[in-house]
file target_31.txt (compact mmCIF, C-alpha atoms)
# COMPACT_ATOMS: atom_id res chain seq x y z
CA MET A 1 -17.84 8.21 13.13
CA GLU A 2 -18.29 11.97 13.28
CA ARG A 3 -15.94 12.14 16.25
CA LEU A 4 -13.37 9.94 14.54
CA ALA A 5 -13.57 12.05 11.38
CA GLU A 6 -12.75 15.13 13.44
CA LEU A 7 -9.41 13.55 14.33
CA GLY A 8 -8.34 13.87 10.70
CA HIS A 9 -7.06 11.46 8.10
CA GLU A 10 -3.92 9.58 9.05
CA LEU A 11 -2.01 11.33 6.27
CA GLY A 12 -3.33 14.79 7.10
CA VAL A 13 -1.20 17.82 7.96
CA SER A 14 -1.40 17.13 11.69
CA ALA A 15 -0.54 13.46 11.28
CA SER A 16 3.12 14.02 12.15
CA ARG A 17 2.07 13.02 15.65
CA LYS A 18 1.49 9.52 14.26
CA PHE A 19 5.22 9.12 13.77
CA SER A 20 5.95 8.36 17.39
CA LEU A 21 4.91 5.29 19.32
CA ASP A 22 4.78 7.10 22.67
CA GLN A 23 1.06 7.81 22.42
CA MET A 24 0.24 4.26 21.43
CA ARG A 25 2.29 2.86 24.30
CA ALA A 26 0.61 5.21 26.78
CA LEU A 27 -2.86 4.23 25.53
CA ALA A 28 -2.06 0.53 25.58
CA SER A 29 -0.61 0.75 29.08
CA ALA A 30 -3.67 2.56 30.43
CA LEU A 31 -5.91 -0.12 28.90
CA GLY A 32 -3.89 -2.94 30.48
CA HIS A 33 -1.91 -3.77 27.34
CA PRO A 34 -4.57 -5.52 25.25
CA GLU A 35 -2.00 -6.09 22.49
CA ARG A 36 -0.17 -8.53 24.78
CA ARG A 37 -3.21 -10.76 25.30
CA PHE A 38 -3.05 -12.42 21.89
CA ALA A 39 -0.32 -13.59 19.54
CA SER A 40 0.23 -11.55 16.41
CA VAL A 41 1.83 -11.41 12.97
CA LEU A 42 2.83 -8.05 11.49
CA VAL A 43 2.65 -7.56 7.71
CA ALA A 44 4.37 -4.55 6.12
CA GLY A 45 5.13 -3.59 2.53
CA THR A 46 4.03 -1.23 -0.23
CA ASN A 47 1.84 -3.55 -2.29
CA GLY A 48 0.26 -6.89 -1.46
CA LYS A 49 0.28 -6.62 2.32
CA GLY A 50 -3.51 -6.64 2.55
CA SER A 51 -3.86 -9.68 0.28
CA THR A 52 -1.11 -11.48 2.20
CA ALA A 53 -2.69 -10.66 5.56
CA ALA A 54 -6.17 -11.72 4.43
CA THR A 55 -4.87 -15.02 3.04
CA LEU A 56 -2.88 -15.82 6.19
CA ALA A 57 -5.85 -14.98 8.42
CA ALA A 58 -8.08 -17.29 6.35
CA ILE A 59 -5.51 -20.10 6.72
CA LEU A 60 -5.30 -19.64 10.49
CA GLN A 61 -9.08 -19.63 10.73
CA ALA A 62 -9.26 -22.82 8.65
CA ALA A 63 -6.78 -24.35 11.10
CA GLY A 64 -9.28 -23.78 13.90
CA TYR A 65 -7.79 -20.69 15.54
CA HIS A 66 -9.92 -17.78 16.71
CA THR A 67 -8.32 -15.26 14.34
CA GLY A 68 -8.31 -11.47 14.22
CA LEU A 69 -7.52 -9.45 11.10
CA TYR A 70 -6.73 -5.74 11.14
CA THR A 71 -6.37 -3.92 7.81
CA SER A 72 -6.48 -0.40 6.44
CA PRO A 73 -7.89 1.60 4.85
CA HIS A 74 -11.45 0.39 4.32
CA LEU A 75 -13.42 0.19 1.08
CA VAL A 76 -16.93 1.12 2.21
CA ARG A 77 -17.34 1.01 6.01
CA VAL A 78 -14.77 1.51 8.74
CA ASN A 79 -15.92 -1.74 10.39
CA GLU A 80 -14.09 -3.62 7.61
CA ARG A 81 -10.79 -2.78 9.30
CA ILE A 82 -11.50 -5.01 12.30
CA ARG A 83 -12.52 -8.63 11.66
CA VAL A 84 -12.67 -11.79 13.73
CA ASP A 85 -13.01 -15.13 11.98
CA GLY A 86 -13.92 -13.32 8.79
CA GLU A 87 -16.74 -11.26 10.33
CA THR A 88 -16.49 -7.48 10.65
CA ILE A 89 -16.97 -5.85 14.02
CA SER A 90 -20.60 -4.83 14.55
CA ASP A 91 -21.71 -1.21 14.91
CA SER A 92 -22.50 -1.67 18.60
CA GLU A 93 -19.14 -3.33 19.30
CA PHE A 94 -17.33 -0.63 17.31
CA ALA A 95 -19.08 2.06 19.37
CA GLU A 96 -18.23 0.24 22.60
CA MET A 97 -14.53 -0.03 21.69
CA TYR A 98 -14.48 3.63 20.70
CA GLY A 99 -16.00 4.57 24.04
CA ARG A 100 -13.39 2.62 25.98
CA VAL A 101 -10.45 4.09 24.07
CA GLU A 102 -11.84 7.63 24.03
CA GLN A 103 -12.46 7.62 27.79
CA VAL A 104 -8.88 6.54 28.49
CA ALA A 105 -7.44 8.96 25.94
CA ALA A 106 -9.38 11.89 27.40
CA HIS A 107 -8.19 11.00 30.92
CA LEU A 108 -4.55 10.77 29.80
CA GLU A 109 -4.79 14.01 27.87
CA ALA A 110 -6.35 15.84 30.82
CA GLY A 111 -3.58 14.58 33.08
CA GLY A 112 -0.84 15.68 30.72
CA GLU A 113 0.22 12.12 29.94
CA LEU A 114 -0.69 12.62 26.29
CA PRO A 115 0.48 15.86 24.66
CA GLN A 116 -2.42 15.74 22.19
CA HIS A 117 -5.38 13.59 21.32
CA PRO A 118 -4.63 10.32 19.49
CA SER A 119 -5.03 10.42 15.72
CA PHE A 120 -7.71 8.57 13.77
CA PHE A 121 -5.36 5.69 13.00
CA GLU A 122 -3.99 5.47 16.54
CA THR A 123 -7.54 5.39 17.91
CA VAL A 124 -8.85 2.71 15.53
CA THR A 125 -5.70 0.59 15.97
CA THR A 126 -6.10 0.69 19.75
CA MET A 127 -9.78 -0.18 19.32
CA ALA A 128 -8.75 -3.24 17.29
CA PHE A 129 -6.32 -4.36 20.00
CA GLU A 130 -8.96 -3.91 22.69
CA TYR A 131 -11.56 -5.79 20.65
CA PHE A 132 -9.28 -8.70 19.82
CA ALA A 133 -8.33 -9.02 23.49
CA SER A 134 -11.93 -8.73 24.71
CA VAL A 135 -13.27 -11.48 22.42
CA GLY A 136 -10.30 -13.75 23.13
CA VAL A 137 -8.71 -14.20 19.74
CA HIS A 138 -5.82 -16.64 19.71
CA ILE A 139 -3.84 -14.79 17.07
CA ALA A 140 -4.27 -11.62 15.01
CA VAL A 141 -2.81 -10.74 11.63
CA LEU A 142 -2.06 -7.02 11.59
CA GLU A 143 -1.50 -5.06 8.40
CA VAL A 144 0.83 -2.11 8.94
CA GLY A 145 -0.87 1.13 7.93
CA MET A 146 2.16 2.92 6.53
CA GLY A 147 5.88 2.32 6.86
CA GLY A 148 6.49 0.05 9.82
CA ARG A 149 9.08 1.40 12.25
CA LEU A 150 6.78 4.08 13.67
CA ASP A 151 3.41 2.73 12.61
CA ALA A 152 0.81 2.43 15.37
CA THR A 153 0.61 -1.35 14.91
CA ASN A 154 4.29 -1.73 15.75
CA ILE A 155 3.83 -1.74 19.54
CA VAL A 156 3.00 -5.45 19.43
CA GLU A 157 5.60 -8.18 19.85
CA PRO A 158 4.84 -10.31 16.80
CA CYS A 159 5.66 -13.97 16.33
CA LEU A 160 6.55 -13.18 12.73
CA ALA A 161 7.34 -10.10 10.65
CA VAL A 162 6.28 -10.37 7.01
CA ILE A 163 7.51 -7.91 4.39
CA THR A 164 5.80 -7.84 0.99
CA ASP A 165 6.99 -6.06 -2.15
CA ILE A 166 8.38 -2.57 -1.60
CA ALA A 167 8.01 0.28 -4.08
CA LEU A 168 7.90 4.08 -4.06
CA ASP A 169 4.86 5.42 -2.22
CA HIS A 170 4.21 7.89 0.61
CA GLN A 171 7.63 9.46 -0.08
CA LYS A 172 6.66 12.55 1.89
CA PHE A 173 6.64 10.43 5.04
CA LEU A 174 8.89 7.45 4.31
CA GLY A 175 11.71 8.67 2.09
CA ASN A 176 12.50 9.24 -1.57
CA THR A 177 14.33 6.00 -2.39
CA ILE A 178 13.54 2.30 -2.22
CA ALA A 179 16.29 1.91 0.38
CA GLU A 180 14.84 4.61 2.65
CA ILE A 181 11.34 3.16 2.40
CA ALA A 182 12.63 -0.38 2.98
CA ARG A 183 14.38 0.80 6.13
CA GLU A 184 11.05 2.02 7.51
CA LYS A 185 9.33 -1.24 6.57
CA ALA A 186 12.14 -3.28 8.14
CA GLY A 187 11.37 -1.55 11.44
CA ILE A 188 8.93 -4.37 12.21
CA ILE A 189 11.80 -6.91 12.42
CA ARG A 190 12.46 -7.86 16.04
CA PRO A 191 15.79 -8.75 17.65
CA ASN A 192 16.20 -12.54 17.48
CA GLY A 193 12.90 -12.67 15.61
CA VAL A 194 11.83 -14.04 12.23
CA VAL A 195 11.22 -12.12 9.02
CA ILE A 196 9.50 -13.69 6.03
CA THR A 197 10.00 -12.12 2.62
CA LEU A 198 10.79 -12.70 -1.05
CA PRO A 199 13.62 -11.43 -3.27
CA GLN A 200 12.64 -8.12 -4.79
CA HIS A 201 14.29 -4.78 -5.67
CA PRO A 202 18.05 -5.06 -4.90
CA GLN A 203 18.00 -1.97 -2.65
CA ALA A 204 15.14 -3.43 -0.62
CA ASN A 205 16.89 -6.81 -0.40
CA ASP A 206 20.07 -5.16 0.88
CA VAL A 207 18.27 -3.17 3.58
CA ILE A 208 16.08 -6.05 4.80
CA GLY A 209 19.12 -8.35 4.89
CA ALA A 210 21.23 -5.81 6.76
CA VAL A 211 18.55 -5.12 9.38
CA ALA A 212 17.93 -8.85 9.89
CA LEU A 213 21.66 -9.43 10.34
CA GLN A 214 22.02 -6.48 12.72
CA ARG A 215 19.14 -7.75 14.86
CA ASN A 216 20.17 -11.40 14.68
CA ALA A 217 16.81 -12.17 13.10
CA ARG A 218 16.25 -15.29 11.03
CA ALA A 219 15.21 -14.59 7.44
CA VAL A 220 12.80 -17.07 5.85
CA SER A 221 12.36 -17.01 2.08
CA ALA A 222 8.94 -17.76 0.59
CA VAL A 223 10.55 -18.73 -2.73
CA PRO A 224 9.75 -22.47 -2.28
CA TYR A 225 6.06 -21.58 -2.36
CA VAL A 226 6.12 -19.54 -5.58
CA PRO A 227 5.16 -21.81 -8.50
CA PRO A 228 8.09 -22.30 -10.90
CA VAL A 229 5.95 -21.35 -13.90
CA SER A 230 3.31 -18.67 -13.44
CA PRO A 231 -0.06 -20.13 -14.42
CA ASN A 232 -1.91 -18.34 -17.22
CA ALA A 233 -5.36 -17.05 -16.43
CA ALA A 234 -7.97 -18.12 -18.95
CA ALA A 235 -8.45 -15.03 -21.08
CA GLY A 236 -11.90 -13.54 -21.14
CA LEU A 237 -13.50 -15.60 -18.39
CA ILE A 238 -15.11 -13.68 -15.54
CA GLY A 239 -13.13 -14.34 -12.37
CA ALA A 240 -10.65 -16.50 -14.28
CA ARG A 241 -7.86 -18.08 -12.29
CA SER A 242 -5.61 -21.09 -12.65
CA PRO A 243 -5.18 -23.44 -9.69
CA TYR A 244 -1.76 -25.05 -9.33
CA ARG A 245 -0.19 -27.78 -7.25
CA LEU A 246 2.48 -27.07 -4.66
CA ALA A 247 4.47 -29.11 -2.14
CA VAL A 248 3.73 -27.85 1.38
CA LEU A 249 4.61 -29.62 4.65
CA ASP A 250 5.57 -32.82 2.83
CA ARG A 251 2.27 -32.92 1.02
CA GLU A 252 1.02 -31.68 -2.33
CA ILE A 253 -1.85 -29.20 -2.11
CA LEU A 254 -4.00 -27.49 -4.72
CA VAL A 255 -3.59 -23.73 -4.51
CA ASP A 256 -6.92 -22.35 -5.72
CA SER A 257 -7.16 -18.72 -4.71
CA PRO A 258 -9.98 -16.33 -5.67
CA LEU A 259 -7.35 -13.58 -5.94
CA VAL A 260 -6.62 -12.94 -9.62
CA GLY A 261 -3.33 -11.80 -11.17
CA ARG A 262 0.22 -13.07 -11.36
CA HIS A 263 1.29 -10.63 -8.63
CA GLN A 264 -0.92 -12.54 -6.19
CA LEU A 265 1.32 -15.60 -6.53
CA ARG A 266 3.93 -13.79 -4.43
CA ASN A 267 1.41 -12.72 -1.80
CA ILE A 268 0.03 -16.26 -1.52
CA ALA A 269 3.58 -17.62 -1.20
CA LEU A 270 4.29 -15.25 1.68
CA ALA A 271 1.08 -16.34 3.42
CA ILE A 272 1.99 -20.02 3.00
CA ALA A 273 5.53 -19.50 4.32
CA SER A 274 4.10 -17.62 7.31
CA ALA A 275 1.57 -20.38 8.01
CA VAL A 276 4.31 -23.01 7.92
CA GLU A 277 6.58 -20.96 10.19
CA ILE A 278 3.89 -20.05 12.72
CA GLY A 279 3.76 -23.70 13.81
CA GLN A 280 6.97 -23.12 15.77
CA TYR A 281 5.13 -20.57 17.92
CA GLY A 282 2.33 -22.79 19.18
CA PHE A 283 0.04 -22.55 16.16
CA PRO A 284 0.57 -25.67 14.06
CA VAL A 285 -1.15 -25.49 10.68
CA SER A 286 -1.76 -28.50 8.45
CA ALA A 287 -1.35 -28.63 4.68
CA ASP A 288 -5.10 -29.22 4.43
CA ALA A 289 -5.82 -26.04 6.42
CA ILE A 290 -3.51 -24.07 4.13
CA GLU A 291 -5.34 -25.39 1.07
CA ARG A 292 -8.79 -24.66 2.54
CA GLY A 293 -7.79 -21.25 3.86
CA ILE A 294 -6.42 -20.08 0.52
CA ARG A 295 -9.62 -21.16 -1.23
CA ALA A 296 -11.76 -19.35 1.38
CA THR A 297 -9.88 -16.02 1.22
CA ARG A 298 -12.09 -13.02 0.56
CA TRP A 299 -10.40 -9.73 -0.26
CA PRO A 300 -12.66 -7.51 -2.39
CA GLY A 301 -11.47 -4.68 -4.58
CA ARG A 302 -8.33 -6.50 -5.71
CA PHE A 303 -8.89 -7.38 -9.36
CA GLN A 304 -12.48 -8.15 -8.41
CA VAL A 305 -14.35 -9.07 -11.58
CA LEU A 306 -18.14 -8.84 -11.80
CA ARG A 307 -21.01 -8.36 -14.23
CA PRO A 308 -23.78 -6.53 -12.36
CA ARG A 309 -26.31 -6.62 -15.23
CA PRO A 310 -27.14 -9.39 -17.73
CA ALA A 311 -25.76 -8.61 -21.19
CA GLY A 312 -23.95 -5.58 -19.77
CA PRO A 313 -20.21 -4.89 -19.63
CA ALA A 314 -17.93 -6.63 -17.16
CA TYR A 315 -16.35 -4.61 -14.38
CA VAL A 316 -12.92 -4.88 -12.80
CA LEU A 317 -12.46 -3.19 -9.42
CA ASP A 318 -8.84 -2.80 -8.36
CA VAL A 319 -7.19 -0.49 -5.82
CA ALA A 320 -4.05 0.21 -7.86
CA HIS A 321 -3.07 3.35 -5.96
CA ASN A 322 0.61 3.66 -6.94
CA PRO A 323 2.78 2.90 -10.02
CA ALA A 324 3.72 -0.60 -8.86
CA GLY A 325 0.06 -1.42 -8.35
CA ALA A 326 -0.76 0.06 -11.75
CA TRP A 327 1.81 -2.19 -13.42
CA ALA A 328 0.33 -5.24 -11.65
CA LEU A 329 -3.16 -4.24 -12.80
CA ARG A 330 -1.96 -3.68 -16.36
CA ALA A 331 -0.37 -7.14 -16.45
CA ALA A 332 -3.53 -8.78 -15.08
CA LEU A 333 -5.75 -6.95 -17.58
CA SER A 334 -3.53 -8.00 -20.47
CA GLU A 335 -3.57 -11.57 -19.20
CA VAL A 336 -7.28 -11.95 -18.50
CA PHE A 337 -8.91 -9.56 -20.98
CA ASP A 338 -6.52 -9.47 -23.93
CA GLY A 339 -8.29 -8.09 -27.01
CA ARG A 340 -11.30 -6.71 -25.11
CA GLU A 341 -12.14 -2.99 -25.15
CA LEU A 342 -11.23 -1.38 -21.83
CA ILE A 343 -12.85 1.77 -20.44
CA VAL A 344 -11.05 3.10 -17.37
CA VAL A 345 -12.77 4.99 -14.56
CA PHE A 346 -9.97 6.64 -12.62
CA GLY A 347 -9.59 8.83 -9.55
CA ALA A 348 -6.70 9.32 -7.17
CA MET A 349 -5.41 11.29 -4.23
CA ARG A 350 -3.40 14.35 -5.24
CA ASP A 351 -0.37 13.19 -3.23
CA LYS A 352 0.00 10.11 -5.45
CA ALA A 353 2.10 9.67 -8.61
CA VAL A 354 -0.93 10.39 -10.79
CA GLY A 355 0.99 11.13 -13.99
CA GLU A 356 2.98 7.92 -13.80
CA MET A 357 -0.08 5.80 -13.07
CA ALA A 358 -1.87 7.42 -16.01
CA GLU A 359 1.01 6.65 -18.36
CA ILE A 360 0.89 3.00 -17.28
CA LEU A 361 -2.87 2.43 -17.48
CA PHE A 362 -4.45 4.90 -19.88
CA PRO A 363 -2.81 3.60 -23.10
CA LEU A 364 -4.76 0.35 -22.60
CA ALA A 365 -8.11 2.15 -22.67
CA SER A 366 -10.29 3.30 -25.54
CA ARG A 367 -11.74 5.97 -23.22
CA VAL A 368 -10.88 7.24 -19.74
CA VAL A 369 -13.45 8.73 -17.35
CA LEU A 370 -11.80 10.88 -14.68
CA THR A 371 -13.61 11.48 -11.41
CA GLN A 372 -13.04 12.04 -7.70
CA ALA A 373 -14.11 10.58 -4.39
CA ALA A 374 -16.86 12.25 -2.39
CA GLY A 375 -16.19 15.68 -0.86
CA HIS A 376 -15.27 14.39 2.59
CA TYR A 377 -11.93 13.21 1.18
CA PRO A 378 -10.05 16.53 0.87
CA ARG A 379 -6.98 14.77 -0.53
CA ALA A 380 -8.86 13.75 -3.67
CA ALA A 381 -7.55 15.28 -6.89
CA SER A 382 -10.21 16.95 -9.03
CA PRO A 383 -10.95 15.60 -12.52
CA GLU A 384 -9.27 18.66 -14.04
CA GLU A 385 -6.14 18.11 -11.93
CA LEU A 386 -6.09 14.51 -13.13
CA ARG A 387 -6.54 15.60 -16.73
CA ALA A 388 -3.56 17.96 -16.47
CA ALA A 389 -1.40 15.18 -15.00
CA ALA A 390 -2.43 12.79 -17.78
CA VAL A 391 -1.96 15.13 -20.71
CA ARG A 392 1.07 13.27 -22.06
CA THR A 393 -0.82 9.98 -22.40
CA GLY A 394 -2.88 11.21 -25.34
CA ALA A 395 -5.86 9.26 -24.01
CA GLU A 396 -9.40 10.19 -24.97
CA ILE A 397 -10.66 11.65 -21.71
CA VAL A 398 -14.05 12.67 -20.32
CA THR A 399 -14.76 13.84 -16.79
CA ALA A 400 -17.47 13.24 -14.21
CA ALA A 401 -18.15 15.03 -10.95
CA ASN A 402 -18.50 11.88 -8.85
CA VAL A 403 -18.23 8.11 -9.03
CA PRO A 404 -21.89 7.28 -9.80
CA ALA A 405 -21.82 9.81 -12.66
CA ALA A 406 -18.53 8.34 -13.91
CA LEU A 407 -19.99 4.83 -13.94
CA HIS A 408 -23.02 6.10 -15.84
CA LYS A 409 -20.77 7.70 -18.48
CA ALA A 410 -18.65 4.56 -18.74
CA GLN A 411 -21.74 2.39 -19.19
CA ALA A 412 -22.98 4.68 -21.96
CA LEU A 413 -19.62 4.34 -23.76
CA ALA A 414 -19.34 0.57 -23.30
CA ALA A 415 -20.44 -2.25 -25.58
CA SER A 416 -21.78 -5.49 -24.12
CA ASP A 417 -18.35 -7.13 -24.41
CA SER A 418 -16.40 -4.14 -23.03
CA VAL A 419 -14.66 -4.16 -19.65
CA ILE A 420 -15.02 -1.14 -17.34
CA VAL A 421 -11.97 -0.87 -15.07
CA VAL A 422 -12.47 1.14 -11.89
CA THR A 423 -9.17 1.99 -10.24
CA GLY A 424 -6.73 4.54 -8.81
CA SER A 425 -7.87 4.90 -5.23
CA ILE A 426 -9.46 2.68 -2.61
CA TYR A 427 -12.08 5.40 -2.09
CA ILE A 428 -13.01 5.36 -5.78
CA VAL A 429 -13.35 1.57 -5.72
CA GLY A 430 -15.37 1.66 -2.48
CA GLU A 431 -17.82 4.20 -3.86
CA ALA A 432 -18.12 2.17 -7.08
CA MET A 433 -18.94 -0.93 -5.02
CA GLU A 434 -21.73 0.99 -3.30
CA ALA A 435 -23.06 2.37 -6.59
CA LEU A 436 -22.99 -1.09 -8.18
CA GLU A 437 -24.56 -2.56 -5.04
CA CYS A 438 -21.83 -5.15 -4.58
CA ALA A 439 -20.49 -3.89 -1.23
call {"tool": "encode", "arguments": {"input": "target_31.txt", "output": "structure tokens"}}
result
Amino acid sequence: MERLAELGHELGVSASRKFSLDQMRALASALGHPERRFASVLVAGTNGKGSTAATLAAILQAAGYHTGLYTSPHLVRVNERIRVDGETISDSEFAEMYGRVEQVAAHLEAGGELPQHPSFFETVTTMAFEYFASVGVHIAVLEVGMGGRLDATNIVEPCLAVITDIALDHQKFLGNTIAEIAREKAGIIRPNGVVITLPQHPQANDVIGAVALQRNARAVSAVPYVPPVSPNAAAGLIGARSPYRLAVLDREILVDSPLVGRHQLRNIALAIASAVEIGQYGFPVSADAIERGIRATRWPGRFQVLRPRPAGPAYVLDVAHNPAGAWALRAALSEVFDGRELIVVFGAMRDKAVGEMAEILFPLASRVVLTQAAGHYPRAASPEELRAAAVRTGAEIVTAANVPAALHKAQALAASDSVIVVTGSIYIVGEAMEALECA
């Protein structure tokens, strides 16, 4: 982990090297192309791609397939990024995969075949490919790290390309408009391939449609799997959700997902559409497997509701790291906890739209505790930087130097029926999970 950390965060200053697939192709070739030894599904988008990928992987596992899942970033431990049949890669296996990739990378670099050492994300992505190939997974669901066209995951030849909701995020790297960002995401669409998506922002629709047409790809809409009337979560119940019935593969199933929030209905629909479509590529999935897989999905930190102490406040952990995610969190909070006092613990990376997220979330809260992730995340905005960005919200704000201190302050401010909402950054949520001992 120390060696990986030295490679720098994937969004660091030197990460411009990530925006070429040449290094990934060279690494994969030298390793004997592990990414070609299993089938794959690529999932891109701004919000919801992790939930969609996790749900689809759970469905494929329920169908009896040896299933890999690659996601990023991680909440607590880097091992979370690489899973097989729901289990994270072990420390010894992680170290072994790192050793294989590092040895090959060093050889290529010494021979001039790589102009520079692979980045953190390139290295871990290659490790995932090598691991999935070595343990013989049948199919892997791969979440794109950022963008799509030049993301390290995009060297695979996927059976399906899935595009979730697109919004403004990572503009420094992907573009300043929805259309520009959508064009990067649509880079995962293959000639004569299949893309699964849902109607969304008109600019995104236009770009995805144009790219699919240009590449003679077949577009599959997940609309048939979105319930016609969004079910209402039962207000005030911990972990509340509303199962609903849906026609899938000529059978009615009960969709009972542990993922809370109306926005998850779209992600679940995309996973169902993908599961139905994947049958044409040698992986038939039954309606029963879809039902069981949805119910078995585990994706922590996404409107995760818990009460760590008896008679204490409830907690909501949610990685709403951009304005679109903040709106989804706000809607879910209003739906599930209407009328309850909310205390928000918030921290974010300084390259995010902090002011806009604050204006969306802070008006819901009686108090806001601003904090930052641990010092080894140099992108983290300080509490004072966050306060300056949130000045227009008029929220009652206190600050804390770190996440455990922020939770302590929030607990002191909370009544027994209050809800403490921890959000803003995946690193904030991950450190809160450790502090609350729910990781």
call {"tool": "residues_around", "arguments": {"input": "target_31.txt", "residues": "range 410-415 of chain A", "least_positions_apart": "2", "cutoff": "7 Å", "atoms": "all atoms listed in the file", "output": "CSV table (one decimal) with C-alpha atoms, in the coordinates of the input"}}
result
chain,number,residue,atom,x,y,z
A,313,PRO,CA,-20.2,-4.9,-19.6
A,343,ILE,CA,-12.8,1.8,-20.4
A,369,VAL,CA,-13.4,8.7,-17.4
A,406,ALA,CA,-18.5,8.3,-13.9
A,407,LEU,CA,-20.0,4.8,-13.9
A,408,HIS,CA,-23.0,6.1,-15.8
A,417,ASP,CA,-18.4,-7.1,-24.4
A,418,SER,CA,-16.4,-4.1,-23.0
A,420,ILE,CA,-15.0,-1.1,-17.3
call {"tool": "atom_distance", "arguments": {"input": "target_31.txt", "atom1": "CA of Ala217 in chain A", "atom2": "CA of His263 in chain A"}}
result
26.7 Å
call {"tool": "closest_residue", "arguments": {"input": "target_31.txt", "among": "A:Glu335, A:Val345, A:Arg149, A:Pro258", "to": "Ala296 in chain A", "atoms": "only C-alpha atoms"}}
result
A:Pro258
call {"tool": "closest_residue", "arguments": {"input": "target_31.txt", "among": "A:Leu249, A:Leu342, A:Val316, A:Ala332", "to": "Pro284 in chain A", "atoms": "all atoms listed in the file"}}
result
A:Leu249
call {"tool": "closest_atom_pairs", "arguments": {"input": "target_31.txt", "of": "range 229-296 of chain A", "to": "range 37-40 of chain A", "cutoff": "10 Å", "atoms": "only C-alpha atoms", "output": "tab-separated table"}}
result
residue	atom	partner	partner_atom	distance
A:Ile278	CA	A:Ser40	CA	10.0
A:Tyr281	CA	A:Ala39	CA	9.0
A:Gly282	CA	A:Ala39	CA	9.6
A:Phe283	CA	A:Ala39	CA	9.6
call {"tool": "closest_atom_pairs", "arguments": {"input": "target_31.txt", "of": "range 77-161 of chain A", "to": "range 178-186 of chain A", "cutoff": "9 Å", "atoms": "only C-alpha atoms", "output": "JSON lines"}}
result
{"residue": "A:Val144", "atom": "CA", "partner": "A:Lys185", "partner_atom": "CA", "distance": 8.9}
{"residue": "A:Met146", "atom": "CA", "partner": "A:Lys185", "partner_atom": "CA", "distance": 8.3}
{"residue": "A:Gly147", "atom": "CA", "partner": "A:Lys185", "partner_atom": "CA", "distance": 5.0}
{"residue": "A:Gly148", "atom": "CA", "partner": "A:Lys185", "partner_atom": "CA", "distance": 4.5}
{"residue": "A:Arg149", "atom": "CA", "partner": "A:Glu184", "partner_atom": "CA", "distance": 5.2}
{"residue": "A:Leu150", "atom": "CA", "partner": "A:Glu184", "partner_atom": "CA", "distance": 7.8}
{"residue": "A:Ala161", "atom": "CA", "partner": "A:Ala186", "partner_atom": "CA", "distance": 8.7}
call {"tool": "residues_around", "arguments": {"input": "target_31.txt", "residues": "Ile428 in chain A", "least_positions_apart": "5", "cutoff": "7 Å", "atoms": "only C-alpha atoms", "output": "mmCIF file with C-alpha atoms, keeping the file's coordinate frame"}}
result
data_model
loop_
_atom_site.group_PDB
_atom_site.id
_atom_site.type_symbol
_atom_site.label_atom_id
_atom_site.label_comp_id
_atom_site.auth_asym_id
_atom_site.auth_seq_id
_atom_site.Cartn_x
_atom_site.Cartn_y
_atom_site.Cartn_z
ATOM 1 C CA GLY A 347 -9.590 8.830 -9.550
ATOM 2 C CA GLN A 372 -13.040 12.040 -7.700
ATOM 3 C CA ALA A 373 -14.110 10.580 -4.390
ATOM 4 C CA VAL A 403 -18.230 8.110 -9.030
ATOM 5 C CA THR A 423 -9.170 1.990 -10.240
#
call {"tool": "residues_around", "arguments": {"input": "target_31.txt", "residues": "Ala388 in chain A", "least_positions_apart": "2", "cutoff": "12 Å", "atoms": "all atoms listed in the file", "output": "list of chain:residue names"}}
result
A:Arg350, A:Val354, A:Gly355, A:Ala358, A:Leu370, A:Ala381, A:Ser382, A:Pro383, A:Glu384, A:Glu385, A:Leu386, A:Ala390, A:Val391, A:Arg392, A:Thr393, A:Gly394, A:Ala395, A:Ile397, A:Thr399
call {"tool": "residues_around", "arguments": {"input": "target_31.txt", "residues": "His138 in chain A", "least_positions_apart": "2", "cutoff": "12 Å", "atoms": "only C-alpha atoms", "output": "list of chain:residue names"}}
result
A:Glu35, A:Arg36, A:Arg37, A:Phe38, A:Ala39, A:Ser40, A:Val41, A:Ala57, A:Leu60, A:Gln61, A:Ala63, A:Gly64, A:Tyr65, A:His66, A:Thr67, A:Gly68, A:Leu69, A:Val84, A:Asp85, A:Phe132, A:Ala133, A:Ser134, A:Val135, A:Gly136, A:Ala140, A:Val141, A:Tyr281, A:Gly282, A:Phe283
call {"tool": "closest_atom_pairs", "arguments": {"input": "target_31.txt", "of": "range 89-171 of chain A", "to": "range 269-275 of chain A", "cutoff": "9 Å", "atoms": "only C-alpha atoms", "output": "Markdown table"}}
result
| residue | atom | partner | partner_atom | distance |
| --- | --- | --- | --- | --- |
| A:Leu160 | CA | A:Ser274 | CA | 7.4 |
| A:Ala161 | CA | A:Ser274 | CA | 8.8 |
| A:Val162 | CA | A:Leu270 | CA | 7.5 |
| A:Ile163 | CA | A:Leu270 | CA | 8.5 |
| A:Thr164 | CA | A:Leu270 | CA | 7.6 |
